[in-house]
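**Student:** Below is a structure I'd like to ask you about.
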2 protein chains.
Amino acid sequence: MSTSTKKHSSGCLVAYGLDTFGDRWTLLILRDMVLYGMRRYGQFLSGEEKIATNILADRLKHLEQEGIVQRARDPENRRSYIYSLTDKGLDLVPMILEIIRWGGKYTPLTPRRKKLVGRINDDCAGLLQEIRQRVQNPVE
Amino acid sequence: MSTSTKKHSSGCLVAYGLDTFGDRWTLLILRDMVLYGMRRYGQFLSGEEKIATNILADRLKHLEQEGIVQRARDPENRRSYIYSLTDKGLDLVPMILEIIRWGGKYTPLTPRRKKLVGRINDDCAGLLQEIRQRVQNPVE
């Protein structure tokens, strides 16, 4: 769906969520931040789905407007930005893990994905905590 | 996103989920089944978001093809169908509840929605069980 869709018209919470983060590319950017620790424009651009630069710019702006992502100058390169999840963004992690858990049940898995799905099934709370810490204290 | 999008190209589980159920209307149909116990074409059509009949037919067909929804002749009206969630569809309920939980934290709530979000926060496992039972043994 477009990010310019008329918003929250029905007042339904599912519709609210879909209007806010439900665009396909938006969710894949969030996945890149949550699972792969991506924080820079160029990292998102080089992701496996090959997002176009105009779509990436649009979705990052949208996520920032929605208060899900925050942007700061990159201390190592003042012409670039670092993107990170806000608390509102981090609160989306349980939903992202549920999408992965479901996918892991109904599609064949590579060993790496099998490990992730196993972790979600066995220790979801621990994984959530780990992701939160990693996002808030990135090591580069 | 379109239901005709090329599928699962990256092998990512989030992308798999989005390709399978991530369309906005698809998720709203699932919400209608999970939260409101809707089972008939006419019920979906009269939902608050006013889905168009061609989109509804397309999304129900897609959900059936994906094994998320199953269709059976309506015993009360042999020209109609009853739609219900399969186990694969029921396994999406935790994700739907996570979307609602998130929405409930970040948007103002009506009293009815406040009650639902409270239930998700306080007794998610019990609610999941209740939804599963209600979907599998509908009372009409």
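Scheme for the structure tokens: letters A, B, ... for chains in order shown; per-chain residue numbers from 1; ligand numbers from 1 in order shown.
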Can you pull out every residue within 12 Å of Thr107 in chain A, counting only C-alpha atoms, but drop anything in the same chain fewer than 2 positions away, and send it as a list of chain:residue names?

**Tutor:**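 That gives A:Ile100, A:Arg101, A:Trp102, A:Gly103, A:Gly104, A:Lys105, A:Leu109, A:Thr110, A:Arg113, A:Lys114, A:Val117, B:His8, B:Gly11, B:Cys12, B:Leu13, B:Val14, B:Ala15, B:Tyr16, B:Gly17, B:Thr20, B:Glu66, B:Lys88.
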
**Student:** All in-order C-alpha pairs, least squares, chain B moved onto chain A. Output the fitted coordinates as a compact mmCIF listing (two decimals) with C-alpha atoms, in the first residue's frame, please.

**Tutor:**
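As written to disk, out-v9.txt reads:
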```
# COMPACT_ATOMS: atom_id res chain seq x y z
CA MET B 1 0.02 -0.02 0.07
CA SER B 2 1.13 3.53 -0.49
CA THR B 3 2.42 5.61 2.36
CA SER B 4 0.09 8.34 1.14
CA THR B 5 -3.01 6.19 1.78
CA LYS B 6 -5.69 7.96 3.77
CA LYS B 7 -4.92 7.09 7.34
CA HIS B 8 -6.61 5.26 10.15
CA SER B 9 -10.01 5.87 8.58
CA SER B 10 -11.78 3.04 10.37
CA GLY B 11 -10.08 3.53 13.74
CA CYS B 12 -9.16 -0.16 13.71
CA LEU B 13 -5.81 -0.98 15.33
CA VAL B 14 -4.85 -3.44 12.60
CA ALA B 15 -5.55 -0.75 9.98
CA TYR B 16 -3.54 1.74 12.04
CA GLY B 17 -0.58 -0.64 12.09
CA LEU B 18 -0.86 -1.35 8.38
CA ASP B 19 -1.02 2.35 7.56
CA THR B 20 2.02 3.05 9.70
CA PHE B 21 4.42 0.21 8.93
CA GLY B 22 2.51 -2.17 6.66
CA ASP B 23 4.12 -1.23 3.38
CA ARG B 24 6.27 -4.08 2.11
CA TRP B 25 9.47 -2.06 1.77
CA THR B 26 8.93 -0.39 5.14
CA LEU B 27 8.80 -3.76 6.84
CA LEU B 28 11.88 -5.00 4.99
CA ILE B 29 13.82 -1.89 6.12
CA LEU B 30 12.72 -2.61 9.70
CA ARG B 31 13.84 -6.21 9.29
CA ASP B 32 17.26 -5.00 8.10
CA MET B 33 17.57 -2.84 11.21
CA VAL B 34 16.32 -5.50 13.63
CA LEU B 35 18.01 -8.64 12.28
CA TYR B 36 21.07 -7.32 10.48
CA GLY B 37 21.81 -4.20 12.52
CA MET B 38 21.80 -1.98 9.44
CA ARG B 39 22.00 1.74 10.20
CA ARG B 40 23.23 3.47 7.05
CA TYR B 41 21.55 4.39 3.77
CA GLY B 42 24.11 2.50 1.72
CA GLN B 43 23.59 -0.64 3.80
CA PHE B 44 19.85 -0.64 3.17
CA LEU B 45 20.48 -0.03 -0.51
CA SER B 46 22.70 -3.10 -0.76
CA GLY B 47 20.16 -5.42 0.89
CA GLU B 48 19.19 -8.63 -0.84
CA GLU B 49 15.87 -7.32 -2.23
CA LYS B 50 17.57 -4.43 -4.10
CA ILE B 51 15.36 -1.57 -2.95
CA ALA B 52 15.37 1.43 -5.30
CA THR B 53 16.97 4.57 -3.87
CA ASN B 54 13.84 6.75 -4.27
CA ILE B 55 11.69 4.16 -2.46
CA LEU B 56 14.28 3.81 0.30
CA ALA B 57 14.44 7.58 0.81
CA ASP B 58 10.63 7.80 0.86
CA ARG B 59 10.21 4.96 3.36
CA LEU B 60 12.95 6.20 5.70
CA LYS B 61 11.32 9.65 5.70
CA HIS B 62 7.95 8.04 6.43
CA LEU B 63 9.40 5.96 9.28
CA GLU B 64 10.99 9.08 10.74
CA GLN B 65 7.71 11.02 10.47
CA GLU B 66 5.92 8.18 12.26
CA GLY B 67 8.48 8.26 15.06
CA ILE B 68 9.61 4.68 14.40
CA VAL B 69 13.10 5.59 13.19
CA GLN B 70 15.34 8.45 14.23
CA ARG B 71 18.11 10.01 12.14
CA ALA B 72 21.37 11.49 13.36
CA ARG B 73 24.49 12.80 11.63
CA ASP B 74 27.12 10.12 11.18
CA PRO B 75 30.06 11.21 13.41
CA GLU B 76 32.46 9.50 10.99
CA ASN B 77 31.05 11.21 7.91
CA ARG B 78 29.18 14.44 8.50
CA ARG B 79 27.52 14.21 5.08
CA SER B 80 25.81 10.95 6.03
CA TYR B 81 23.20 9.87 8.52
CA ILE B 82 22.79 7.05 10.98
CA TYR B 83 19.30 5.59 11.28
CA SER B 84 18.18 3.85 14.46
CA LEU B 85 14.96 2.51 15.94
CA THR B 86 13.11 4.57 18.52
CA ASP B 87 11.25 2.87 21.38
CA LYS B 88 8.17 2.90 19.16
CA GLY B 89 10.20 1.10 16.51
CA LEU B 90 11.63 -1.39 18.98
CA ASP B 91 8.09 -2.19 20.06
CA LEU B 92 7.54 -3.59 16.56
CA VAL B 93 10.15 -6.31 17.08
CA PRO B 94 7.71 -8.83 18.66
CA MET B 95 5.50 -8.56 15.58
CA ILE B 96 8.47 -9.02 13.25
CA LEU B 97 9.52 -12.11 15.20
CA GLU B 98 5.96 -13.48 14.90
CA ILE B 99 6.12 -13.05 11.13
CA ILE B 100 9.41 -14.95 11.09
CA ARG B 101 8.09 -17.67 13.40
CA TRP B 102 5.12 -18.21 11.08
CA GLY B 103 7.29 -18.20 7.96
CA GLY B 104 9.62 -20.66 9.63
CA LYS B 105 6.77 -23.10 10.14
CA TYR B 106 5.50 -22.98 6.56
CA THR B 107 8.47 -22.63 4.26
CA PRO B 108 11.76 -24.56 3.93
CA LEU B 109 14.63 -23.08 5.96
CA THR B 110 18.31 -22.51 5.41
CA PRO B 111 20.44 -23.53 8.44
CA ARG B 112 20.91 -19.89 9.49
CA ARG B 113 17.18 -19.23 9.38
CA LYS B 114 16.48 -22.51 11.14
CA LYS B 115 18.64 -21.31 14.01
CA LEU B 116 16.79 -17.99 14.20
CA VAL B 117 13.36 -19.65 14.17
CA GLY B 118 14.53 -22.10 16.84
CA ARG B 119 15.64 -19.19 18.98
CA ILE B 120 12.25 -17.46 18.55
CA ASN B 121 10.44 -20.65 19.54
CA ASP B 122 12.69 -21.51 22.47
CA ASP B 123 13.63 -18.12 23.95
CA CYS B 124 11.63 -15.30 22.42
CA ALA B 125 11.94 -13.07 25.50
CA GLY B 126 15.72 -13.47 25.60
CA LEU B 127 16.01 -12.75 21.89
CA LEU B 128 13.86 -9.62 22.25
CA GLN B 129 16.10 -8.40 25.03
CA GLU B 130 19.22 -9.14 22.97
CA ILE B 131 17.86 -7.27 19.92
CA ARG B 132 16.90 -4.29 22.08
CA GLN B 133 20.38 -4.12 23.58
CA ARG B 134 22.07 -4.53 20.20
CA VAL B 135 19.97 -1.78 18.60
CA GLN B 136 20.54 0.59 21.52
CA ASN B 137 24.26 -0.14 21.82
CA PRO B 138 25.51 -0.96 18.33
CA VAL B 139 29.05 -2.24 17.96
CA GLU B 140 30.71 -1.29 14.72
```

**Student:** Taking the DSSP secondary structure from the backbone, can you list the residues of chain A that are alpha helix (DSSP H), as a VMD selection string?

**Tutor:** chain A and resid 13 to 21 24 to 36 41 to 45 53 to 65 87 to 90 93 to 106 111 to 136

**Student:** Give me every strand (DSSP E or B) residue in range 26-118 of chain A, going by DSSP on the backbone, as a PDB file with C-alpha atoms, in the first residue's frame.

**Tutor:**
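Result file is result.pdb:
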```pdb
ATOM      1  CA  ARG A  40      23.240   3.476   7.057  1.00  0.00           C
ATOM      2  CA  VAL A  69      13.102   5.580  13.201  1.00  0.00           C
ATOM      3  CA  GLN A  70      15.357   8.447  14.229  1.00  0.00           C
ATOM      4  CA  ARG A  71      18.103   9.998  12.154  1.00  0.00           C
ATOM      5  CA  ALA A  72      21.377  11.492  13.366  1.00  0.00           C
ATOM      6  CA  ARG A  73      24.485  12.816  11.629  1.00  0.00           C
ATOM      7  CA  ASP A  74      27.127  10.132  11.179  1.00  0.00           C
ATOM      8  CA  ASN A  77      31.045  11.224   7.895  1.00  0.00           C
ATOM      9  CA  ARG A  78      29.185  14.467   8.480  1.00  0.00           C
ATOM     10  CA  ARG A  79      27.513  14.223   5.056  1.00  0.00           C
ATOM     11  CA  SER A  80      25.802  10.952   6.017  1.00  0.00           C
ATOM     12  CA  TYR A  81      23.187   9.870   8.517  1.00  0.00           C
ATOM     13  CA  ILE A  82      22.809   7.039  10.989  1.00  0.00           C
ATOM     14  CA  TYR A  83      19.304   5.587  11.298  1.00  0.00           C
ATOM     15  CA  SER A  84      18.181   3.849  14.466  1.00  0.00           C
ATOM     16  CA  LEU A  85      14.951   2.512  15.945  1.00  0.00           C
TER      17      LEU A  85
END
```
